Each structure stands twice: as C-alpha cells, then as structure tokens.
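**Q** Please find structure-v4.pdb (PDB, C-alpha atoms) on the next line:
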```pdb
ATOM      1  CA  MET X   1     -72.173  -0.869-106.329
ATOM      2  CA  ASN X   2     -69.970  -2.415-109.014
ATOM      3  CA  ALA X   3     -66.375  -3.318-109.800
ATOM      4  CA  THR X   4     -65.737   0.014-111.548
ATOM      5  CA  LEU X   5     -66.511   1.810-108.285
ATOM      6  CA  CYS X   6     -64.248  -0.587-106.370
ATOM      7  CA  ASN X   7     -61.339  -0.140-108.765
ATOM      8  CA  SER X   8     -61.592   3.647-108.746
ATOM      9  CA  ILE X   9     -61.632   3.777-104.930
ATOM     10  CA  PHE X  10     -58.782   1.273-104.629
ATOM     11  CA  ALA X  11     -56.645   3.189-107.126
ATOM     12  CA  ARG X  12     -57.286   6.429-105.221
ATOM     13  CA  CYS X  13     -56.456   4.798-101.886
ATOM     14  CA  VAL X  14     -53.164   3.355-103.137
ATOM     15  CA  GLN X  15     -52.179   6.734-104.551
ATOM     16  CA  ASP X  16     -53.192   8.498-101.316
ATOM     17  CA  TYR X  17     -51.105   6.113 -99.231
ATOM     18  CA  HIS X  18     -48.023   6.670-101.357
ATOM     19  CA  HIS X  19     -48.244  10.429-100.876
ATOM     20  CA  HIS X  20     -47.074   9.591 -97.325
ATOM     21  CA  ASP X  21     -45.537   6.146 -97.951
ATOM     22  CA  ARG X  22     -45.413   5.369 -94.213
ATOM     23  CA  ILE X  23     -47.000   2.395 -92.487
ATOM     24  CA  ASP X  24     -47.949   4.657 -89.566
ATOM     25  CA  ALA X  25     -49.594   7.311 -91.748
ATOM     26  CA  PRO X  26     -53.091   8.009 -90.391
ATOM     27  CA  LEU X  27     -56.104   7.049 -92.474
ATOM     28  CA  GLN X  28     -57.750  10.214 -93.796
ATOM     29  CA  GLN X  29     -61.165   9.014 -94.926
ATOM     30  CA  PRO X  30     -62.374  10.995 -97.969
ATOM     31  CA  TYR X  31     -65.816   9.366 -98.032
ATOM     32  CA  LEU X  32     -68.869   9.575 -95.813
ATOM     33  CA  VAL X  33     -68.445   7.293 -92.809
ATOM     34  CA  GLY X  34     -70.810   4.332 -93.058
ATOM     35  CA  SER X  35     -71.021   4.437 -96.833
ATOM     36  CA  ILE X  36     -69.891   1.560 -99.014
ATOM     37  CA  GLU X  37     -67.273   3.901-100.488
ATOM     38  CA  ALA X  38     -65.791   4.496 -97.034
ATOM     39  CA  LEU X  39     -65.732   0.765 -96.323
ATOM     40  CA  LEU X  40     -63.958   0.038 -99.607
ATOM     41  CA  TYR X  41     -61.412   2.807 -99.044
ATOM     42  CA  HIS X  42     -60.696   1.639 -95.487
ATOM     43  CA  LYS X  43     -60.375  -1.962 -96.700
ATOM     44  CA  CYS X  44     -57.807  -0.988 -99.315
ATOM     45  CA  TRP X  45     -55.899   1.173 -96.808
ATOM     46  CA  VAL X  46     -55.525  -1.850 -94.525
ATOM     47  CA  ASP X  47     -54.315  -3.926 -97.479
ATOM     48  CA  THR X  48     -51.841  -1.252 -98.547
ATOM     49  CA  VAL X  49     -50.320  -0.892 -95.084
ATOM     50  CA  GLN X  50     -50.053  -4.657 -94.798
ATOM     51  CA  TRP X  51     -48.353  -4.854 -98.213
ATOM     52  CA  HIS X  52     -45.575  -2.636 -96.894
ATOM     53  CA  LEU X  53     -45.395  -4.457 -93.556
ATOM     54  CA  GLU X  54     -44.810  -7.660 -95.529
ATOM     55  CA  ASP X  55     -41.975  -5.947 -97.427
ATOM     56  CA  LEU X  56     -40.329  -4.740 -94.223
ATOM     57  CA  VAL X  57     -40.479  -8.077 -92.401
ATOM     58  CA  ARG X  58     -38.618  -9.775 -95.271
ATOM     59  CA  ASP X  59     -35.491  -7.660 -94.774
ATOM     60  CA  PRO X  60     -32.740 -10.300 -94.304
ATOM     61  CA  GLN X  61     -30.878  -7.889 -92.022
ATOM     62  CA  ILE X  62     -33.845  -7.217 -89.737
ATOM     63  CA  GLU X  63     -33.164  -7.452 -86.009
ATOM     64  CA  ALA X  64     -35.075 -10.285 -84.339
ATOM     65  CA  THR X  65     -37.135  -8.134 -81.969
ATOM     66  CA  ALA X  66     -38.101  -5.738 -84.737
ATOM     67  CA  GLY X  67     -39.088  -8.685 -86.917
ATOM     68  CA  LEU X  68     -41.277 -10.121 -84.165
ATOM     69  CA  LEU X  69     -42.988  -6.770 -83.648
ATOM     70  CA  LEU X  70     -43.682  -6.543 -87.379
ATOM     71  CA  LYS X  71     -45.074 -10.091 -87.389
ATOM     72  CA  ARG X  72     -47.447  -9.157 -84.555
ATOM     73  CA  GLU X  73     -48.493  -6.066 -86.506
ATOM     74  CA  ILE X  74     -49.157  -8.226 -89.577
ATOM     75  CA  ASP X  75     -51.322 -10.523 -87.437
ATOM     76  CA  ARG X  76     -53.353  -7.515 -86.273
ATOM     77  CA  SER X  77     -53.616  -6.291 -89.852
ATOM     78  CA  ASN X  78     -54.824  -9.697 -91.045
ATOM     79  CA  GLN X  79     -57.558  -9.637 -88.436
ATOM     80  CA  GLN X  80     -58.558  -6.119 -89.466
ATOM     81  CA  ARG X  81     -58.580  -7.173 -93.127
ATOM     82  CA  THR X  82     -60.921 -10.056 -92.315
ATOM     83  CA  ASP X  83     -63.164  -7.772 -90.277
ATOM     84  CA  MET X  84     -63.387  -5.297 -93.172
ATOM     85  CA  VAL X  85     -64.385  -8.076 -95.577
ATOM     86  CA  GLU X  86     -67.165  -9.103 -93.193
ATOM     87  CA  TYR X  87     -68.334  -5.484 -92.863
ATOM     88  CA  ILE X  88     -68.565  -5.173 -96.648
ATOM     89  CA  ASP X  89     -70.431  -8.467 -96.969
ATOM     90  CA  GLY X  90     -72.756  -7.301 -94.189
ATOM     91  CA  TRP X  91     -73.416  -4.051 -96.052
ATOM     92  CA  LEU X  92     -74.192  -5.991 -99.239
ATOM     93  CA  LEU X  93     -76.419  -8.469 -97.411
ATOM     94  CA  ASP X  94     -78.432  -5.546 -96.056
ATOM     95  CA  PHE X  95     -78.465  -3.808 -99.445
ATOM     96  CA  TYR X  96     -79.958  -6.883-101.135
ATOM     97  CA  SER X  97     -82.179  -7.858 -98.200
ATOM     98  CA  ALA X  98     -85.383  -7.120-100.131
ATOM     99  CA  VAL X  99     -84.445  -9.503-102.951
ATOM    100  CA  GLN X 100     -86.331 -12.788-102.838
ATOM    101  CA  PRO X 101     -84.044 -15.577-104.110
ATOM    102  CA  LEU X 102     -85.548 -17.699-106.876
ATOM    103  CA  ALA X 103     -86.382 -21.318-106.154
ATOM    104  CA  THR X 104     -83.493 -22.223-108.448
ATOM    105  CA  ALA X 105     -81.036 -19.771-106.797
ATOM    106  CA  THR X 106     -77.578 -21.126-106.119
ATOM    107  CA  PHE X 107     -74.912 -20.273-103.575
ATOM    108  CA  ASN X 108     -71.540 -18.935-104.707
ATOM    109  CA  THR X 109     -68.353 -20.528-103.381
ATOM    110  CA  GLU X 110     -66.970 -17.062-102.601
ATOM    111  CA  SER X 111     -68.825 -14.122-101.102
ATOM    112  CA  PRO X 112     -68.807 -10.807-102.996
ATOM    113  CA  ALA X 113     -66.552  -9.132-100.433
ATOM    114  CA  TRP X 114     -63.903 -11.855-100.619
ATOM    115  CA  ALA X 115     -63.831 -11.377-104.396
ATOM    116  CA  ILE X 116     -63.566  -7.625-103.793
ATOM    117  CA  ASP X 117     -60.706  -8.356-101.380
ATOM    118  CA  ARG X 118     -58.818 -10.021-104.246
ATOM    119  CA  LEU X 119     -59.566  -7.013-106.444
ATOM    120  CA  SER X 120     -58.031  -4.698-103.839
ATOM    121  CA  ILE X 121     -54.859  -6.799-103.763
ATOM    122  CA  LEU X 122     -54.754  -6.821-107.564
ATOM    123  CA  ASN X 123     -54.781  -3.024-107.577
ATOM    124  CA  LEU X 124     -51.770  -3.067-105.273
ATOM    125  CA  LYS X 125     -49.963  -5.591-107.464
ATOM    126  CA  ILE X 126     -50.618  -3.498-110.561
ATOM    127  CA  TYR X 127     -49.397  -0.297-108.895
ATOM    128  CA  HIS X 128     -46.152  -1.854-107.681
ATOM    129  CA  MET X 129     -45.508  -3.863-110.847
ATOM    130  CA  GLN X 130     -45.894  -0.679-112.886
ATOM    131  CA  LEU X 131     -43.325   0.977-110.621
ATOM    132  CA  GLU X 132     -40.941  -1.900-111.254
ATOM    133  CA  ALA X 133     -41.578  -1.734-114.998
ATOM    134  CA  GLY X 134     -40.416   1.874-114.966
ATOM    135  CA  ARG X 135     -37.579   1.617-112.436
ATOM    136  CA  VAL X 136     -34.693   3.272-114.264
ATOM    137  CA  GLU X 137     -31.896   1.689-112.213
ATOM    138  CA  ALA X 138     -33.207  -1.818-112.944
ATOM    139  CA  SER X 139     -31.996  -3.801-115.954
ATOM    140  CA  GLN X 140     -33.853  -3.702-119.245
ATOM    141  CA  GLN X 141     -34.587  -7.410-118.813
ATOM    142  CA  HIS X 142     -36.212  -6.711-115.427
ATOM    143  CA  ARG X 143     -38.321  -3.852-116.794
ATOM    144  CA  THR X 144     -39.446  -5.902-119.793
ATOM    145  CA  ALA X 145     -40.421  -8.836-117.594
ATOM    146  CA  CYS X 146     -42.402  -6.539-115.308
ATOM    147  CA  LYS X 147     -44.218  -4.977-118.261
ATOM    148  CA  GLU X 148     -45.306  -8.446-119.348
ATOM    149  CA  LYS X 149     -46.465  -9.216-115.802
ATOM    150  CA  CYS X 150     -48.438  -5.954-115.810
ATOM    151  CA  LYS X 151     -50.334  -7.127-118.880
ATOM    152  CA  VAL X 152     -51.294 -10.339-117.087
ATOM    153  CA  LEU X 153     -52.342  -8.466-113.941
ATOM    154  CA  LEU X 154     -54.484  -6.038-115.947
ATOM    155  CA  THR X 155     -56.190  -8.979-117.658
ATOM    156  CA  GLN X 156     -56.814 -10.557-114.255
ATOM    157  CA  GLN X 157     -58.280  -7.267-113.044
ATOM    158  CA  GLU X 158     -60.595  -7.112-116.053
ATOM    159  CA  ASP X 159     -61.719 -10.727-115.623
ATOM    160  CA  LEU X 160     -62.230 -10.459-111.858
ATOM    161  CA  SER X 161     -64.124  -7.176-112.261
ATOM    162  CA  LEU X 162     -66.467  -8.842-114.749
ATOM    163  CA  ALA X 163     -66.983 -11.823-112.435
ATOM    164  CA  ILE X 164     -67.794  -9.532-109.498
ATOM    165  CA  ASP X 165     -70.311  -7.569-111.571
ATOM    166  CA  GLN X 166     -71.922 -10.804-112.753
ATOM    167  CA  LEU X 167     -72.158 -12.117-109.180
ATOM    168  CA  LEU X 168     -73.722  -8.879-107.899
ATOM    169  CA  ALA X 169     -76.161  -8.844-110.818
ATOM    170  CA  ASP X 170     -77.155 -12.452-110.082
ATOM    171  CA  ILE X 171     -77.716 -11.613-106.411
ATOM    172  CA  ALA X 172     -79.761  -8.536-107.352
ATOM    173  CA  CYS X 173     -82.145 -10.589-109.517
ATOM    174  CA  GLY X 174     -82.328 -13.586-107.180
ATOM    175  CA  LYS X 175     -80.276 -16.051-109.223
ATOM    176  CA  LYS X 176     -77.668 -16.215-106.437
ATOM    177  CA  TYR X 177     -77.958 -15.770-102.695
ATOM    178  CA  MET X 178     -75.298 -14.883-100.159
ATOM    179  CA  LYS X 179     -74.489 -15.374 -96.504
ATOM    180  CA  VAL X 180     -71.969 -13.739 -94.195
ATOM    181  CA  TYR X 181     -69.717 -16.266 -92.505
ATOM    182  CA  LYS X 182     -67.553 -15.051 -89.664
ATOM    183  CA  GLN X 183     -64.033 -16.298 -90.302
ATOM    184  CA  MET X 184     -63.528 -17.154 -86.627
ATOM    185  CA  LYS X 185     -59.748 -16.880 -86.766
ATOM    186  CA  MET X 186     -58.330 -18.801 -83.825
ATOM    187  CA  TYR X 187     -54.701 -17.720 -83.526
ATOM    188  CA  ASN X 188     -55.523 -14.245 -82.166
ATOM    189  CA  ASP X 189     -58.133 -15.491 -79.686
ATOM    190  CA  GLU X 190     -56.823 -16.133 -76.161
ATOM    191  CA  SER X 191     -59.606 -18.654 -75.587
ATOM    192  CA  LEU X 192     -58.909 -20.677 -78.767
ATOM    193  CA  ASN X 193     -55.139 -20.582 -79.298
ATOM    194  CA  PRO X 194     -53.637 -23.264 -77.000
ATOM    195  CA  VAL X 195     -50.320 -21.411 -76.728
ATOM    196  CA  LEU X 196     -52.167 -18.376 -75.349
ATOM    197  CA  TYR X 197     -54.697 -20.055 -73.081
ATOM    198  CA  GLN X 198     -52.120 -22.419 -71.574
ATOM    199  CA  GLN X 199     -49.977 -19.416 -70.662
ATOM    200  CA  LYS X 200     -52.949 -17.808 -68.919
ATOM    201  CA  LYS X 201     -53.546 -21.028 -66.983
ATOM    202  CA  ASN X 202     -49.956 -21.181 -65.693
TER
END
```
Would you put the structure from the file into structure tokens?
**A**
Amino acid sequence: MNATLCNSIFARCVQDYHHHDRIDAPLQQPYLVGSIEALLYHKCWVDTVQWHLEDLVRDPQIEATAGLLLKREIDRSNQQRTDMVEYIDGWLLDFYSAVQPLATATFNTESPAWAIDRLSILNLKIYHMQLEAGRVEASQQHRTACKEKCKVLLTQQEDLSLAIDQLLADIACGKKYMKVYKQMKMYNDESLNPVLYQQKKN
C-alpha cells in the first residue's frame, strides 16, 4: 500500500469514468471485492461522479426542481465519500494492527485515508486541468494559464504522495499511530437534523 498504487488506481478510475462520461454510469469494479485496490477504485468513482454533479448543479439556467434533486444527490454522494474514507482507514487500521506503537509514537492530525481522499481529488483536478490546457476552442491565454496550473497541481500531487508514503511508513514502524473516527455527519440523519426531526414530530 503506497501513494504510487493510489495514483495508478485513481488515474485508471478517472479514465474509465470518462469512457462513459455519465453520472448514472454503473460502477464496473475491475479489482477483487474487499481488496484495498477495490476500495480505492470505488472511492475515486464516487469522487468522479460527484465532480460532475457539482458541475451540473452550477448551471445558471438550471430549473429549480432539477437543481434541488442534484443537491440531494450531492448530499448522498458526500455521505458515501465519507463512508469510503472510513472503510479505507478501517482497512489500514486492520492491516497495521500487529504493529506496536513506540512509547514516543505521535498521532497525526489527518488519518491516512483523508490524505488519500485529497490525492483522489488531485487526480481529478489534474485530469480536468489538462483537458482545459488542450481545449482548442479556448484562447491561448486560457490554455497557457491552465498549463501553469497543471504544473502546480502535479507538484502538489508529488508532495502529497510523499507525505502519504512517509505517514504510512511511520505507522508501519510504530512512530505514528492511527484511529478511525466516524465523521457523524448530522444533516442527513433524521434524528440529528432539527429540520428533519421536527417535521416527523408534526
């Protein structure tokens, strides 16, 4: 498990999605169900669909009902994204369960899977910025600006990949320890969102 594996799976997933380029395209899992590869691919698929949902909902001409339906779909996608992060952290926690943290071990502000989540989004940004950098109908100024942004994104990808590998290496040798925190999102929970539970009471 390392950032190189993550990046290769994310790049494949983004390419696979764009063969269909439809938010309702079914996930066709190329990896063994239950494997870390399958979890990473599924995670990136959720991110990729949500990327395009976010594009659609920003159409200034969108009809109100359609916009509301898209917003609800984005809410569901956000919940699924969070769930996938927790699944990946759970897999990693189990994978490193035999490691005894050192007495001097420290806790990282971000779990490995949340860093991997950012890496997935970076892959999407790079893919779409590269498209913009080569969009022939766009102005030369636009393409040049996007090429410069691509350079920054690729540097971010390199830096984040290194940080993820360092974090995983530190966990593997006991220098760092990790926990899985459930995000406990409240807005989708009928028992925690006051707008929802007050409606049920009425």
**Q** Would you mind reading off the distance between atom CA of Glu110 of chain X and atom CA of Asp16 of chain X, one decimal, in Å?
**A**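 The value is 29.1 Å.
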**Q** What separation in Å, quoted to one decimal, exists between atom CA of Asp165 of chain X and atom CA of His128 of chain X?
**A**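 According to the coordinates, atom CA of Asp165 of chain X and atom CA of His128 of chain X are separated by 25.1 Å.
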**Q** Work out how far atom CA of Ala11 of chain X is from atom CA of Leu162 of chain X, in Å to one decimal.
**A**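 These two atoms are separated by 17.3 Å.
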**Q** Report the residues retrieved by the PyMOL selection byres ((chain X and resi 76-86) around 8) from the displayed file, expressed as a list in words.
**A**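 Output from the PyMOL selection byres ((chain X and resi 76-86) around 8), applied to this file: Leu39, His42, Lys43, Val46, Asp47, Gln50, Arg72, Glu73, Ile74, Asp75, Tyr87, Ile88, Asp89, Gly90, Ala113, Trp114, Asp117, Val180, Tyr181, Lys182, Gln183 and Lys185 of chain X.
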**Q** Evaluated on this file, the PyMOL selection byres ((chain X and resi 56) around 12) picks out some residues - which ones are they, written as JSON, numbers by chain?
**A** {"X": [22, 23, 49, 50, 51, 52, 53, 54, 55, 57, 58, 59, 60, 61, 62, 63, 66, 67, 68, 69, 70, 71, 73, 74]}
**Q** Residues at most 10 Å from Pro26 of chain X, counting only C-alpha atoms, excluding those fewer than 6 positions away in the same chain, as a list in words?
**A**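 Those residues are Tyr17, His20 and Trp45 of chain X.
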**Q** Restricting the calculation to all atoms listed in the file, which member of X:Asn2, X:Gln156, X:Gln28, X:Thr48 is positioned closest to Leu122 of chain X?
**A**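 Of X:Asn2, X:Gln156, X:Gln28, X:Thr48, the one nearest Leu122 of chain X, counting all atoms listed in the file, is X:Gln156.
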